[in-house]
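Okay, my_file-v5.txt now, which holds compact mmCIF, C-alpha atoms and all ligand atoms:
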```txt
# COMPACT_ATOMS: atom_id res chain seq x y z
CA MET F 10 -1.16 -30.58 12.40
CA GLY F 11 0.35 -33.56 14.18
CA ARG F 12 3.90 -33.39 12.92
CA GLN F 13 6.40 -30.59 12.60
CA PRO F 14 5.41 -28.22 9.74
CA ASP F 15 7.44 -28.08 6.57
CA VAL F 16 7.44 -24.29 6.84
CA VAL F 17 6.86 -21.83 9.66
CA ILE F 18 6.19 -18.24 8.61
CA ILE F 19 6.88 -15.41 11.04
CA GLY F 20 4.42 -12.57 10.39
CA GLY F 21 0.77 -12.46 9.41
CA GLY F 22 0.85 -9.44 7.09
CA ALA F 23 0.24 -9.48 3.34
CA ILE F 24 3.62 -11.10 2.68
CA GLY F 25 3.34 -13.87 5.28
CA CYS F 26 -0.33 -14.67 4.57
CA SER F 27 0.22 -14.77 0.78
CA ALA F 28 3.19 -17.10 1.27
CA ALA F 29 1.13 -19.32 3.59
CA TYR F 30 -1.68 -19.52 1.01
CA TYR F 31 0.53 -20.45 -1.94
CA LEU F 32 2.79 -22.84 0.01
CA ARG F 33 -0.24 -24.71 1.37
CA SER F 34 -1.72 -24.80 -2.15
CA GLU F 35 1.38 -26.85 -3.09
CA GLY F 36 0.49 -29.40 -0.38
CA LEU F 37 3.06 -28.29 2.20
CA GLN F 38 2.32 -28.29 5.93
CA VAL F 39 2.48 -24.64 6.97
CA ALA F 40 2.26 -22.81 10.31
CA LEU F 41 2.07 -19.01 10.56
CA VAL F 42 2.82 -17.19 13.81
CA ASP F 43 2.25 -13.53 14.65
CA LYS F 44 3.15 -11.50 17.73
CA GLY F 45 -0.34 -9.96 17.72
CA SER F 46 -3.43 -10.23 15.51
CA LEU F 47 -3.12 -11.19 11.86
CA ALA F 48 -3.41 -8.49 9.20
CA ARG F 49 -3.13 -5.55 11.61
CA GLU F 50 0.19 -3.85 10.92
CA ALA F 51 1.52 -2.23 7.70
CA SER F 52 -0.79 -4.34 5.54
CA TRP F 53 -3.79 -3.00 7.46
CA ALA F 54 -2.59 0.61 7.10
CA SER F 55 -1.73 0.43 3.42
CA ALA F 56 -3.37 2.55 0.71
CA GLY F 57 -3.44 -0.58 -1.46
CA ILE F 58 -2.19 0.94 -4.69
CA ILE F 59 -1.16 -1.83 -7.07
CA GLY F 60 1.52 -0.86 -9.61
CA PRO F 61 3.26 -1.28 -11.86
CA SER F 62 3.89 2.47 -11.94
CA SER F 63 6.30 3.68 -9.24
CA HIS F 64 9.65 5.45 -9.03
CA LEU F 65 11.18 1.93 -8.70
CA GLN F 66 9.79 0.63 -11.97
CA GLY F 67 13.17 1.02 -13.69
CA ASP F 68 14.38 -1.78 -11.47
CA PRO F 69 14.01 -5.21 -13.13
CA TRP F 70 13.00 -7.06 -9.94
CA PHE F 71 10.39 -4.44 -9.10
CA ARG F 72 8.91 -4.31 -12.59
CA GLN F 73 8.68 -8.09 -12.93
CA ALA F 74 7.33 -8.53 -9.41
CA THR F 75 4.62 -5.90 -9.80
CA LEU F 76 3.57 -7.22 -13.22
CA LEU F 77 3.39 -10.78 -11.90
CA SER F 78 1.48 -9.60 -8.83
CA ARG F 79 -1.01 -7.78 -11.05
CA GLN F 80 -1.70 -11.01 -12.95
CA LEU F 81 -1.95 -12.97 -9.70
CA TYR F 82 -4.33 -10.40 -8.15
CA ASP F 83 -6.62 -10.77 -11.17
CA GLN F 84 -6.76 -14.53 -10.41
CA LEU F 85 -6.98 -14.10 -6.63
CA ASP F 86 -9.96 -11.76 -6.93
CA THR F 87 -12.02 -14.69 -8.24
CA ALA F 88 -10.29 -17.53 -6.37
CA LEU F 89 -10.51 -15.94 -2.92
CA PHE F 90 -14.18 -15.07 -3.45
CA GLU F 91 -14.93 -18.68 -4.36
CA GLU F 92 -12.92 -19.99 -1.41
CA THR F 93 -14.09 -17.56 1.30
CA GLY F 94 -17.22 -15.76 0.00
CA ARG F 95 -15.41 -12.45 0.63
CA ARG F 96 -14.40 -9.75 -1.81
CA MET F 97 -10.93 -8.26 -1.48
CA GLY F 98 -11.93 -4.77 -2.72
CA TYR F 99 -10.02 -4.92 -5.99
CA GLY F 100 -10.67 -2.63 -8.92
CA GLY F 101 -9.86 0.58 -10.74
CA ARG F 102 -8.66 1.54 -14.18
CA GLY F 103 -5.08 2.52 -13.45
CA SER F 104 -3.53 5.76 -12.30
CA MET F 105 -3.51 9.32 -13.62
CA THR F 106 -0.83 11.93 -13.03
CA LEU F 107 -2.19 15.45 -13.44
CA ALA F 108 -0.19 18.27 -14.98
CA LEU F 109 -1.69 21.73 -14.38
CA SER F 110 0.79 24.03 -16.13
CA PRO F 111 2.56 23.89 -19.51
CA GLY F 112 5.87 23.30 -17.66
CA GLU F 113 4.44 20.34 -15.72
CA ALA F 114 2.87 18.97 -18.90
CA ALA F 115 6.17 19.11 -20.84
CA GLU F 116 8.10 17.35 -18.04
CA ALA F 117 5.39 14.73 -17.55
CA ALA F 118 5.20 14.01 -21.30
CA ALA F 119 9.00 13.60 -21.52
CA ASP F 120 8.88 11.20 -18.59
CA ALA F 121 6.04 9.24 -20.23
CA GLU F 122 8.11 8.97 -23.41
CA ARG F 123 11.02 7.46 -21.43
CA GLU F 124 8.63 5.01 -19.75
CA ALA F 125 7.08 3.98 -23.06
CA ALA F 126 10.58 3.36 -24.48
CA ALA F 127 11.24 1.07 -21.48
CA GLY F 128 8.09 -0.93 -22.26
CA VAL F 129 5.76 0.65 -19.68
CA SER F 130 2.15 0.99 -20.76
CA VAL F 131 1.46 4.74 -20.61
CA GLU F 132 -0.70 7.30 -22.44
CA VAL F 133 -0.56 11.10 -22.60
CA LEU F 134 -4.09 12.58 -22.58
CA THR F 135 -5.48 16.08 -22.97
CA GLY F 136 -7.55 17.39 -20.05
CA ALA F 137 -10.77 16.81 -22.02
CA GLU F 138 -9.84 13.19 -22.87
CA ALA F 139 -8.91 12.53 -19.25
CA ARG F 140 -12.21 13.98 -17.97
CA ARG F 141 -14.15 11.64 -20.26
CA ARG F 142 -12.40 8.72 -18.50
CA GLU F 143 -12.50 10.29 -15.03
CA PRO F 144 -15.42 12.76 -14.75
CA ALA F 145 -14.37 13.97 -11.26
CA LEU F 146 -11.28 15.71 -12.68
CA PRO F 147 -11.24 19.54 -12.74
CA ASP F 148 -11.27 21.49 -16.02
CA ASN F 149 -7.93 23.30 -15.55
CA LEU F 150 -5.73 20.38 -16.65
CA GLU F 151 -2.92 20.93 -19.13
CA ALA F 152 -2.25 17.19 -19.64
CA VAL F 153 -2.77 13.87 -17.88
CA ILE F 154 -0.48 10.83 -17.94
CA GLN F 155 -2.43 7.60 -17.63
CA HIS F 156 -0.95 4.25 -16.57
CA PRO F 157 -3.82 1.89 -17.37
CA GLU F 158 -2.36 -1.24 -15.76
CA GLY F 159 -2.60 -0.18 -12.12
CA ARG F 160 -5.38 -1.23 -9.76
CA PHE F 161 -6.47 -0.46 -6.20
CA LEU F 162 -7.00 -2.98 -3.48
CA ASP F 163 -8.51 -2.78 -0.01
CA ALA F 164 -5.36 -4.11 1.65
CA ARG F 165 -7.19 -4.79 4.94
CA ASN F 166 -9.77 -6.97 3.20
CA PHE F 167 -7.14 -8.63 1.05
CA THR F 168 -4.85 -9.62 3.92
CA ALA F 169 -7.70 -10.83 6.12
CA THR F 170 -9.26 -12.73 3.19
CA ILE F 171 -6.11 -14.50 2.04
CA ALA F 172 -5.36 -15.35 5.69
CA ARG F 173 -8.82 -16.90 5.95
CA ALA F 174 -8.37 -18.80 2.68
CA ALA F 175 -5.01 -20.10 3.90
CA ARG F 176 -6.60 -21.27 7.18
CA LEU F 177 -9.44 -22.97 5.30
CA LYS F 178 -6.83 -24.82 3.24
CA GLY F 179 -5.21 -26.08 6.45
CA VAL F 180 -2.55 -23.54 7.43
CA ARG F 181 -2.16 -23.50 11.20
CA MET F 182 -2.54 -19.85 12.26
CA LEU F 183 -1.10 -18.81 15.62
CA PRO F 184 -1.80 -15.15 16.44
CA GLY F 185 -0.40 -13.98 19.80
CA TRP F 186 2.76 -16.10 19.30
CA PRO F 187 5.69 -13.61 19.36
CA VAL F 188 8.90 -15.16 18.10
CA THR F 189 11.60 -14.35 20.63
CA ALA F 190 14.41 -16.31 18.96
CA LEU F 191 15.24 -18.64 16.11
CA THR F 192 16.49 -22.13 17.00
CA TRP F 193 19.72 -23.37 15.43
CA ASP F 194 21.58 -26.63 14.92
CA GLY F 195 25.08 -25.37 14.18
CA ALA F 196 24.70 -23.00 11.22
CA ARG F 197 21.30 -24.39 10.24
CA VAL F 198 18.04 -22.71 11.33
CA THR F 199 15.72 -25.39 12.71
CA GLY F 200 12.68 -23.47 13.94
CA VAL F 201 11.38 -20.68 16.16
CA ARG F 202 10.89 -20.08 19.85
CA SER F 203 8.39 -17.98 21.79
CA GLY F 204 9.55 -17.92 25.39
CA HIS F 205 9.58 -21.59 26.41
CA ASP F 206 7.49 -22.76 23.42
CA ARG F 207 9.38 -24.14 20.44
CA MET F 208 8.31 -25.04 16.94
CA GLY F 209 10.65 -26.91 14.64
CA ALA F 210 10.27 -26.65 10.87
CA GLY F 211 12.11 -27.53 7.68
CA TRP F 212 12.05 -23.84 6.70
CA VAL F 213 11.62 -20.60 8.64
CA ILE F 214 10.43 -17.61 6.59
CA ASN F 215 10.99 -14.20 8.13
CA ALA F 216 8.07 -12.01 7.03
CA ALA F 217 7.98 -9.95 10.22
CA GLY F 218 7.58 -6.56 8.52
CA ALA F 219 9.24 -3.59 10.22
CA TRP F 220 10.49 -5.92 13.00
CA ALA F 221 12.14 -8.45 10.67
CA GLY F 222 15.69 -7.17 11.13
CA LEU F 223 15.53 -7.59 14.91
CA LEU F 224 14.45 -11.23 15.25
CA ASP F 225 17.88 -12.78 15.66
CA PRO F 226 21.20 -10.97 16.22
CA ALA F 227 22.94 -13.54 13.99
CA LEU F 228 20.60 -12.60 11.11
CA ALA F 229 20.30 -8.84 11.51
CA ALA F 230 19.17 -6.72 8.54
CA PRO F 231 18.83 -2.97 7.91
CA ILE F 232 15.03 -2.90 7.95
CA THR F 233 13.56 0.10 9.77
CA PRO F 234 10.05 1.39 10.47
CA ASP F 235 8.89 4.15 8.09
CA HIS F 236 5.89 5.75 9.81
CA GLY F 237 2.99 6.78 7.58
CA GLN F 238 -0.09 8.85 8.42
CA ILE F 239 -2.96 8.33 5.98
CA MET F 240 -6.66 9.28 5.93
CA SER F 241 -9.95 8.55 4.21
CA LEU F 242 -12.56 11.00 2.92
CA GLU F 243 -15.95 10.84 1.33
CA GLY F 244 -15.22 10.55 -2.38
CA PRO F 245 -16.50 12.79 -5.18
CA GLU F 246 -20.19 12.44 -6.10
CA LEU F 247 -19.22 11.23 -9.55
CA GLY F 248 -17.03 8.51 -8.04
CA LEU F 249 -13.36 7.89 -8.78
CA ARG F 250 -11.93 5.17 -11.02
CA HIS F 251 -8.21 6.02 -11.00
CA THR F 252 -5.53 6.62 -8.42
CA LEU F 253 -4.58 10.28 -8.82
CA HIS F 254 -1.18 11.92 -8.44
CA ARG F 255 -0.02 15.46 -9.22
CA TRP F 256 3.06 15.66 -11.42
CA GLY F 257 6.19 16.44 -9.39
CA ARG F 258 4.50 16.27 -5.98
CA TYR F 259 4.31 13.60 -3.32
CA GLY F 260 1.05 12.02 -2.28
CA TYR F 261 -1.94 10.37 -3.91
CA ILE F 262 -5.71 9.97 -3.76
CA THR F 263 -6.89 6.43 -4.39
CA PRO F 264 -10.46 5.08 -4.53
CA ARG F 265 -12.18 2.32 -2.57
CA PRO F 266 -15.04 0.29 -4.08
CA ASP F 267 -17.50 1.73 -1.51
CA GLY F 268 -17.01 5.31 -2.76
CA ARG F 269 -14.53 6.50 -0.11
CA VAL F 270 -11.12 7.76 -1.16
CA VAL F 271 -7.83 7.28 0.67
CA VAL F 272 -5.31 10.13 0.84
CA GLY F 273 -1.70 9.35 1.67
CA ALA F 274 0.78 9.38 3.11
CA THR F 275 3.57 10.81 5.25
CA HIS F 276 7.02 9.22 5.62
CA GLU F 277 8.54 9.78 9.09
CA GLU F 278 11.49 8.24 10.89
CA ILE F 279 10.31 8.13 14.51
CA GLY F 280 11.21 4.58 15.47
CA PHE F 281 8.36 2.22 16.37
CA ARG F 282 6.20 5.09 17.76
CA ARG F 283 2.87 5.85 16.10
CA GLN F 284 1.22 9.22 16.25
CA ILE F 285 -1.24 11.42 14.42
CA THR F 286 0.07 14.97 14.35
CA PRO F 287 -1.05 18.41 13.15
CA GLU F 288 1.94 18.26 10.76
CA GLY F 289 0.62 14.98 9.33
CA LEU F 290 -2.87 16.43 8.90
CA HIS F 291 -1.38 19.50 7.25
CA TYR F 292 0.57 17.28 4.81
CA LEU F 293 -2.52 15.22 3.92
CA ALA F 294 -4.67 18.33 3.46
CA GLY F 295 -1.92 19.62 1.14
CA VAL F 296 -2.17 16.44 -0.94
CA VAL F 297 -5.94 16.94 -1.31
CA SER F 298 -5.55 20.59 -2.29
CA THR F 299 -2.82 19.91 -4.90
CA VAL F 300 -4.27 16.70 -6.38
CA LEU F 301 -8.06 17.18 -6.33
CA SER F 302 -8.94 20.41 -4.55
CA GLY F 303 -12.64 19.80 -5.17
CA LEU F 304 -12.47 17.34 -2.27
CA MET F 305 -11.37 19.97 0.29
CA ASP F 306 -14.98 20.26 1.56
CA GLN F 307 -15.63 16.51 1.78
CA ALA F 308 -16.07 14.88 5.18
CA MET F 309 -12.96 13.33 6.66
CA LEU F 310 -13.90 9.80 7.72
CA ASP F 311 -10.83 8.34 9.39
CA ILE F 312 -7.11 8.81 9.90
CA TRP F 313 -4.65 6.08 10.87
CA THR F 314 -0.98 5.16 10.86
CA GLY F 315 1.25 2.23 9.98
CA LEU F 316 4.91 1.22 9.93
CA ARG F 317 6.31 0.37 6.50
CA PRO F 318 9.17 -2.15 6.60
CA ALA F 319 11.78 0.10 4.95
CA SER F 320 15.04 -1.11 3.44
CA PRO F 321 17.87 1.28 2.47
CA ASP F 322 17.21 0.95 -1.29
CA ALA F 323 13.41 0.46 -1.00
CA LEU F 324 13.70 -3.01 -2.54
CA PRO F 325 12.77 -6.04 -0.45
CA ILE F 326 15.09 -8.67 1.00
CA ILE F 327 14.08 -12.08 -0.33
CA GLY F 328 15.77 -15.48 -0.27
CA PRO F 329 18.41 -17.31 1.74
CA ASP F 330 21.05 -15.75 3.99
CA PRO F 331 24.71 -16.86 3.78
CA ARG F 332 24.93 -16.55 7.60
CA ALA F 333 22.54 -19.53 7.86
CA SER F 334 23.64 -22.66 6.00
CA ALA F 335 20.04 -23.84 5.46
CA GLY F 336 16.47 -23.61 6.71
CA PHE F 337 15.95 -19.83 6.52
CA LEU F 338 14.45 -17.41 3.98
CA TRP F 339 13.95 -13.64 4.03
CA ALA F 340 10.67 -12.08 2.86
CA ALA F 341 10.77 -8.58 4.29
CA GLY F 342 11.68 -4.95 3.71
CA HIS F 343 9.14 -4.26 0.96
CA SER F 344 9.03 -0.60 2.00
CA SER F 345 6.23 1.40 0.27
CA SER F 346 5.15 -1.32 -2.13
CA GLY F 347 4.65 -4.57 -0.23
CA ILE F 348 1.05 -4.94 -1.34
CA MET F 349 2.11 -4.56 -4.98
CA GLN F 350 4.74 -7.24 -4.53
CA ALA F 351 3.03 -9.67 -2.11
CA PRO F 352 1.73 -12.40 -4.45
CA ALA F 353 4.94 -12.40 -6.55
CA THR F 354 7.09 -12.59 -3.42
CA ALA F 355 4.99 -15.52 -2.21
CA LYS F 356 5.35 -17.38 -5.52
CA VAL F 357 9.13 -16.90 -5.45
CA LEU F 358 9.20 -18.30 -1.90
CA VAL F 359 7.29 -21.36 -3.16
CA ASP F 360 9.99 -21.83 -5.83
CA LEU F 361 12.76 -21.59 -3.23
CA VAL F 362 11.12 -23.99 -0.76
CA LEU F 363 10.44 -26.52 -3.53
CA GLY F 364 14.01 -26.23 -4.80
CA ARG F 365 13.00 -24.74 -8.16
CA LYS F 366 14.71 -21.88 -9.96
CA PRO F 367 12.98 -18.67 -8.73
CA ARG F 368 10.66 -17.39 -11.45
CA ILE F 369 12.08 -13.87 -10.97
CA PRO F 370 15.89 -13.62 -10.53
CA LEU F 371 16.79 -12.65 -6.97
CA ASP F 372 20.19 -11.05 -7.51
CA LYS F 373 18.84 -7.51 -6.84
CA VAL F 374 16.96 -8.48 -3.67
CA GLY F 375 19.37 -10.76 -1.78
CA ILE F 376 20.53 -9.88 1.76
CA GLU F 377 24.11 -10.08 0.39
CA ARG F 378 23.86 -6.49 -0.85
CA PHE F 379 23.77 -5.30 2.77
CA LEU F 380 26.48 -7.62 4.13
CA ASP F 381 30.15 -6.63 4.09
C1 LIG V 1 0.50 4.48 5.21
C2 LIG V 1 0.96 3.37 4.32
C3 LIG V 1 0.57 3.34 2.98
C4 LIG V 1 1.01 2.29 2.15
N1 LIG V 1 0.56 2.25 0.86
C5 LIG V 1 0.95 1.22 0.05
C6 LIG V 1 0.43 1.10 -1.26
O1 LIG V 1 -0.38 1.92 -1.70
N2 LIG V 1 0.83 0.03 -2.03
C7 LIG V 1 1.71 -0.89 -1.57
O2 LIG V 1 2.05 -1.82 -2.31
N3 LIG V 1 2.22 -0.79 -0.31
C8 LIG V 1 1.86 0.24 0.50
N4 LIG V 1 2.35 0.33 1.77
C9 LIG V 1 3.41 -0.61 2.17
C10 LIG V 1 2.83 -1.95 2.53
O3 LIG V 1 1.74 -1.77 3.39
C11 LIG V 1 3.90 -2.82 3.18
O4 LIG V 1 5.06 -2.88 2.36
C12 LIG V 1 3.38 -4.23 3.39
O5 LIG V 1 2.14 -4.19 4.05
C13 LIG V 1 4.37 -5.05 4.20
O6 LIG V 1 3.76 -6.28 4.50
P1 LIG V 1 4.43 -7.24 5.55
O7 LIG V 1 3.60 -8.47 5.58
O8 LIG V 1 5.89 -7.35 5.24
O9 LIG V 1 4.37 -6.42 6.93
P2 LIG V 1 3.20 -6.26 8.00
O10 LIG V 1 1.89 -6.10 7.37
O11 LIG V 1 3.67 -5.17 8.93
O12 LIG V 1 3.20 -7.65 8.75
C14 LIG V 1 4.29 -8.07 9.54
C15 LIG V 1 3.73 -8.93 10.66
O13 LIG V 1 4.81 -9.50 11.38
C16 LIG V 1 4.42 -9.59 12.73
N5 LIG V 1 5.61 -9.72 13.59
C17 LIG V 1 6.57 -8.79 13.80
N6 LIG V 1 7.48 -9.27 14.67
C18 LIG V 1 7.09 -10.52 15.02
C19 LIG V 1 7.60 -11.50 15.90
N7 LIG V 1 8.72 -11.30 16.61
N8 LIG V 1 6.94 -12.67 16.03
C20 LIG V 1 5.80 -12.91 15.33
N9 LIG V 1 5.26 -11.98 14.48
C21 LIG V 1 5.89 -10.81 14.32
C22 LIG V 1 3.66 -8.29 12.95
O14 LIG V 1 2.82 -8.37 14.10
C23 LIG V 1 2.89 -8.15 11.64
O15 LIG V 1 1.59 -8.71 11.73
C24 LIG V 1 1.89 1.30 2.65
C25 LIG V 1 2.24 1.32 4.00
C26 LIG V 1 1.78 2.33 4.83
C27 LIG V 1 2.16 2.31 6.28
```
Show the structure stored in the file as C-alpha cells.
Amino acid sequence: MGRQPDVVIIGGGAIGCSAAYYLRSEGLQVALVDKGSLAREASWASAGIIGPSSHLQGDPWFRQATLLSRQLYDQLDTALFEETGRRMGYGGRGSMTLALSPGEAAEAAADAEREAAAGVSVEVLTGAEARRREPALPDNLEAVIQHPEGRFLDARNFTATIARAARLKGVRMLPGWPVTALTWDGARVTGVRSGHDRMGAGWVINAAGAWAGLLDPALAAPITPDHGQIMSLEGPELGLRHTLHRWGRYGYITPRPDGRVVVGATHEEIGFRRQITPEGLHYLAGVVSTVLSGLMDQAMLDIWTGLRPASPDALPIIGPDPRASAGFLWAAGHSSSGIMQAPATAKVLVDLVLGRKPRIPLDKVGIERFLD
C-alpha cells in the first residue's frame, strides 16, 4: 500500500478482522495492526456459540445484531471457503435448555412463552421429542426448550480464516505493531503510533478487545478484562448437534465439527492475569455434571483461558466518540458475545465509514452512555 490507508484498525480479533474484510470488500485501503499475533486473544479462546438466544436478547441492538450476524455467517461459510479453501467450523442445529424437574420445566416453559411473544423462535419439547433430535441426551428429562436458530462456530478457525481472506483481498496486516498512542490534529484523530513509527489514516477503528479502553487517555472507556477458563472433551459417541444448557444454571456444552465438545466458562475479575485454577476446573466439571453427566468419564483434551472485553452493561461500544471531532470509531466491549456480533458490527462500521445510515440503530451502543 503506497499511500496512507483510508482506515487503520487496531486489533486483529474477530471484530477487527471482520471489519477489515468488509471494509476492503467495499474497495477501501485498509491496514490492521495488532500488538501480538492475529486471532490469538479472546477470539481464540471463545466457545463460538452463535445466538440469537442469550440473556441480552431482549435488547433491540443485541437481537438485531445477532440475527444479522447469523445471516452473514451463513454467507461467510461459503464465501470464505471459496476465497481461502478453509472451513470456519460452522454448524449445529441450535441450542437446547434442559429441564430435569417439574419445577424447572414449568419455569422454562413460561420463559419460552415470553420469548415467543417477543418474536424469538423457540419450541418446548418433551424429553422423548428432544432425544429424537439429539440422541446423546439422557432419559430423565422433564422438558427441553429448543432455540433452532443458533449455530456453533470454531472461533479460532473463523478469525484466522477471515483474517486470511482480508489479507488476500489486499488488507495490510501488521502483527507485532502495538499501538502506543493515537495521533491527533486538534480534536481530530489522524492515525496511530507505535513507538517512533506512525501511520496516518482517514479513520482509526479501536477494536483492541480487553485493552481498548486504555489506548488513549483522552478516549478512555470502561472496558475491563473478564477472565474465562474453558475446556474441551471428547464428545459423546452419538455426536452432538446442539449447544446444551441446563435451565437456571450457568455454563454450556457446545459441539465442534470434529466431534469434540467445548465446556465453558468461568467469569473472573483478576485483571489482565491468566491462570488455570483448581476452582476453574471444579466449576467446569460442575457444568459437565449438571448439563450432560454422561460425559463425566470422557477424556479431557485441553483447557485454556481468554480475556473477554467486558463493558458495564455487556453491550458493545460502537461508533464515534464526542471527545474526538472526527476520524475515530469504537468497535469494542462485546463482552461474552463478540463472536455472535462480529459480522454485524463490521457491517455497521462499513456504513459509518462510508457515511451511510447505520443499518442497526446505534443509540444503545454509543460511548455516550458511559460519559458524564
Ligand atoms: C472463555 C470465553 C468464551 C467465550 N465464548 C463466546 C461465545 O460462545 N460466543 C460469543 O459470541 N463470544 C464468546 N466469547 C466472547 C468473545 O470471544 C469476545 O467478545 C470476542 O472475541 C471479542 O473480539 P475482539 O476482536 O473485540 O477481541 P480480541 O479477540 O481479544 O482481539 C483484540 C485484539 O486487539 C489487540 N490489541 C490490544 N491492544 C492493542 C494495541 N495497543 N495495539 C495493537 N493491538 C492491540 C490484541 O492483541 C487482540 O489481538 C467468549 C470469550 C471467552 C474468553
* **Residue with smallest distance to His276 of chain F - pool F:His236, F:His291, F:Arg255, F:Arg368, counting all atoms listed in the file** => F:His236
Can you list, as a PDB file with C-alpha atoms, keeping the file's coordinate frame, every protein, DNA or RNA residue that comes within 7 Å of Ala48 of chain F when you count only C-alpha atoms, leaving out same-chain residues fewer than 5 positions away?
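Everything below was put into out-v6.pdb:
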```pdb
ATOM      1  CA  GLY F  21       0.770 -12.460   9.410  1.00  0.00           C
ATOM      2  CA  GLY F  22       0.850  -9.440   7.090  1.00  0.00           C
ATOM      3  CA  ALA F  23       0.240  -9.480   3.340  1.00  0.00           C
ATOM      4  CA  TRP F  53      -3.790  -3.000   7.460  1.00  0.00           C
ATOM      5  CA  ARG F 165      -7.190  -4.790   4.940  1.00  0.00           C
ATOM      6  CA  THR F 168      -4.850  -9.620   3.920  1.00  0.00           C
ATOM      7  CA  ALA F 169      -7.700 -10.830   6.120  1.00  0.00           C
TER       8      ALA F 169
END
```
* Asked: How would you write as an NGL selection string the residues that get within 6 Å of (-2.2, 5.7, -22.1) in the file's frame, counting all atoms listed in the file?
  -> :F and (131-133 or 155-156)
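Near segment 142-148 of chain F, within a cut-off of 7 Å and counting all atoms listed in the file, sit the residues Gly136, Glu138, Ala139, Pro245, Leu247, Gly248, Leu249 and Arg250 of chain F, with same-chain residues fewer than 3 positions away left out.
The interatomic distance for the pair atom C4 of ligand LIG 1 (chain V) and atom CA of Arg176 of chain F works out to 25.3 Å.
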* Asked: Counting only C-alpha atoms and all ligand atoms, which protein, DNA or RNA residues come within 6 Å of ligand LIG 1 (chain V), given as a PyMOL selection string?
  -> chain F and resi 19-25+42-45+47-52+54-59+186-189+216-220+224+237-239+274+314-318+341+343-349
* Pairwise distance for atom CA of Pro231 of chain F and atom CA of Gly364 of chain F, rounded to one decimal in Å ->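 We find that atom CA of Pro231 of chain F and atom CA of Gly364 of chain F lie 26.9 Å from each other.
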* **Counting all atoms listed in the file, the residue of F:Leu150, F:Leu228, F:Ile327, F:Ala119 that sits nearest Leu380 of chain F** => F:Leu228
Determine the axis-aligned bounding box of all atoms of segment 147-153 of chain F present in the file, pad each side by 3 Å, and express its centre and edge lengths in Å to one decimal place as lines of an AutoDock Vina configuration file.
```
center_x = -6.8
center_y = 18.6
center_z = -16.2
size_x = 15.0
size_y = 15.4
size_z = 12.9
```
* Between F:Gly268, F:Pro234, F:Gly200, F:Pro367, which has the minimum distance to Arg283 of chain F (counting only C-alpha atoms)? ->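 Closest to Arg283 of chain F of all the choices is F:Pro234.
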* Minimum-distance residue to Ser110 of chain F, chosen among F:Leu77, F:Val153, F:Met309, F:Val201 (using all atoms listed in the file) -> F:Val153
* What does the distance between atom CA of Gly257 of chain F and atom CA of Ala115 of chain F come to in Å, to one decimal place? -> 11.8 Å
* Non-local contacts of Gly60 of chain F (10 Å; all atoms listed in the file; under 5 positions in same chain excluded) as number ranges by chain -> F: 66, 71-72, 74-76, 78-79, 103-104, 156-161, 346, 348-350
For the residues in the current selection, export C-alpha atoms as a compact mmCIF listing (two decimals), in the coordinates of the input.
```txt
# COMPACT_ATOMS: atom_id res chain seq x y z
CA GLN F 66 9.79 0.63 -11.97
CA PHE F 71 10.39 -4.44 -9.10
CA ARG F 72 8.91 -4.31 -12.59
CA ALA F 74 7.33 -8.53 -9.41
CA THR F 75 4.62 -5.90 -9.80
CA LEU F 76 3.57 -7.22 -13.22
CA SER F 78 1.48 -9.60 -8.83
CA ARG F 79 -1.01 -7.78 -11.05
CA GLY F 103 -5.08 2.52 -13.45
CA SER F 104 -3.53 5.76 -12.30
CA HIS F 156 -0.95 4.25 -16.57
CA PRO F 157 -3.82 1.89 -17.37
CA GLU F 158 -2.36 -1.24 -15.76
CA GLY F 159 -2.60 -0.18 -12.12
CA ARG F 160 -5.38 -1.23 -9.76
CA PHE F 161 -6.47 -0.46 -6.20
CA SER F 346 5.15 -1.32 -2.13
CA ILE F 348 1.05 -4.94 -1.34
CA MET F 349 2.11 -4.56 -4.98
CA GLN F 350 4.74 -7.24 -4.53
```
* Contacts of Val16 of chain F at 10 Å (all atoms listed in the file; same-chain gap of 4+ positions) as number ranges by chain -> F: 29, 32-33, 37-41, 200, 209-214, 336-337, 362
* Using all atoms listed in the file, which of the listed residues (F:Leu301, F:Met208, F:Ala190, F:Val359) sits closest to Gly328 of chain F? -> F:Val359
Which polymer residues have any atom within 8 Å of an atom of Ala335 of chain F, counting all atoms listed in the file, with same-chain residues fewer than 2 positions away left out, as a tab-separated table (two decimals) with C-alpha atoms, in the frame of the given file?
```tsv
chain	number	residue	atom	x	y	z
F	196	ALA	CA	24.70	-23.00	11.22
F	197	ARG	CA	21.30	-24.39	10.24
F	198	VAL	CA	18.04	-22.71	11.33
F	329	PRO	CA	18.41	-17.31	1.74
F	333	ALA	CA	22.54	-19.53	7.86
F	337	PHE	CA	15.95	-19.83	6.52
```
* Asked: So which one's closest to Pro266 of chain F, F:Pro69, F:Gly222, F:Gly101, F:Gly375? Using all atoms listed in the file, please.
  ->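 Using all atoms listed in the file, the shortest distance to Pro266 of chain F belongs to F:Gly101.
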N, CA, C and O atoms for segment 173-177 of chain F, written as a PDB file, in the coordinates of the input, could you do that?
```
ATOM      1  N   ARG F 173      -7.701 -15.982   5.737  1.00  0.00           N
ATOM      2  CA  ARG F 173      -8.820 -16.900   5.950  1.00  0.00           C
ATOM      3  C   ARG F 173      -8.760 -18.080   4.961  1.00  0.00           C
ATOM      4  O   ARG F 173      -8.939 -19.238   5.337  1.00  0.00           O
ATOM      5  N   ALA F 174      -8.454 -17.742   3.699  1.00  0.00           N
ATOM      6  CA  ALA F 174      -8.370 -18.800   2.680  1.00  0.00           C
ATOM      7  C   ALA F 174      -7.256 -19.773   3.032  1.00  0.00           C
ATOM      8  O   ALA F 174      -7.398 -20.993   2.876  1.00  0.00           O
ATOM      9  N   ALA F 175      -6.138 -19.239   3.530  1.00  0.00           N
ATOM     10  CA  ALA F 175      -5.010 -20.100   3.900  1.00  0.00           C
ATOM     11  C   ALA F 175      -5.427 -21.021   5.056  1.00  0.00           C
ATOM     12  O   ALA F 175      -5.148 -22.225   5.056  1.00  0.00           O
ATOM     13  N   ARG F 176      -6.153 -20.446   6.027  1.00  0.00           N
ATOM     14  CA  ARG F 176      -6.600 -21.270   7.180  1.00  0.00           C
ATOM     15  C   ARG F 176      -7.568 -22.348   6.716  1.00  0.00           C
ATOM     16  O   ARG F 176      -7.474 -23.506   7.132  1.00  0.00           O
ATOM     17  N   LEU F 177      -8.481 -21.971   5.804  1.00  0.00           N
ATOM     18  CA  LEU F 177      -9.440 -22.970   5.300  1.00  0.00           C
ATOM     19  C   LEU F 177      -8.730 -24.097   4.552  1.00  0.00           C
ATOM     20  O   LEU F 177      -9.196 -25.238   4.537  1.00  0.00           O
TER      21      LEU F 177
END
```
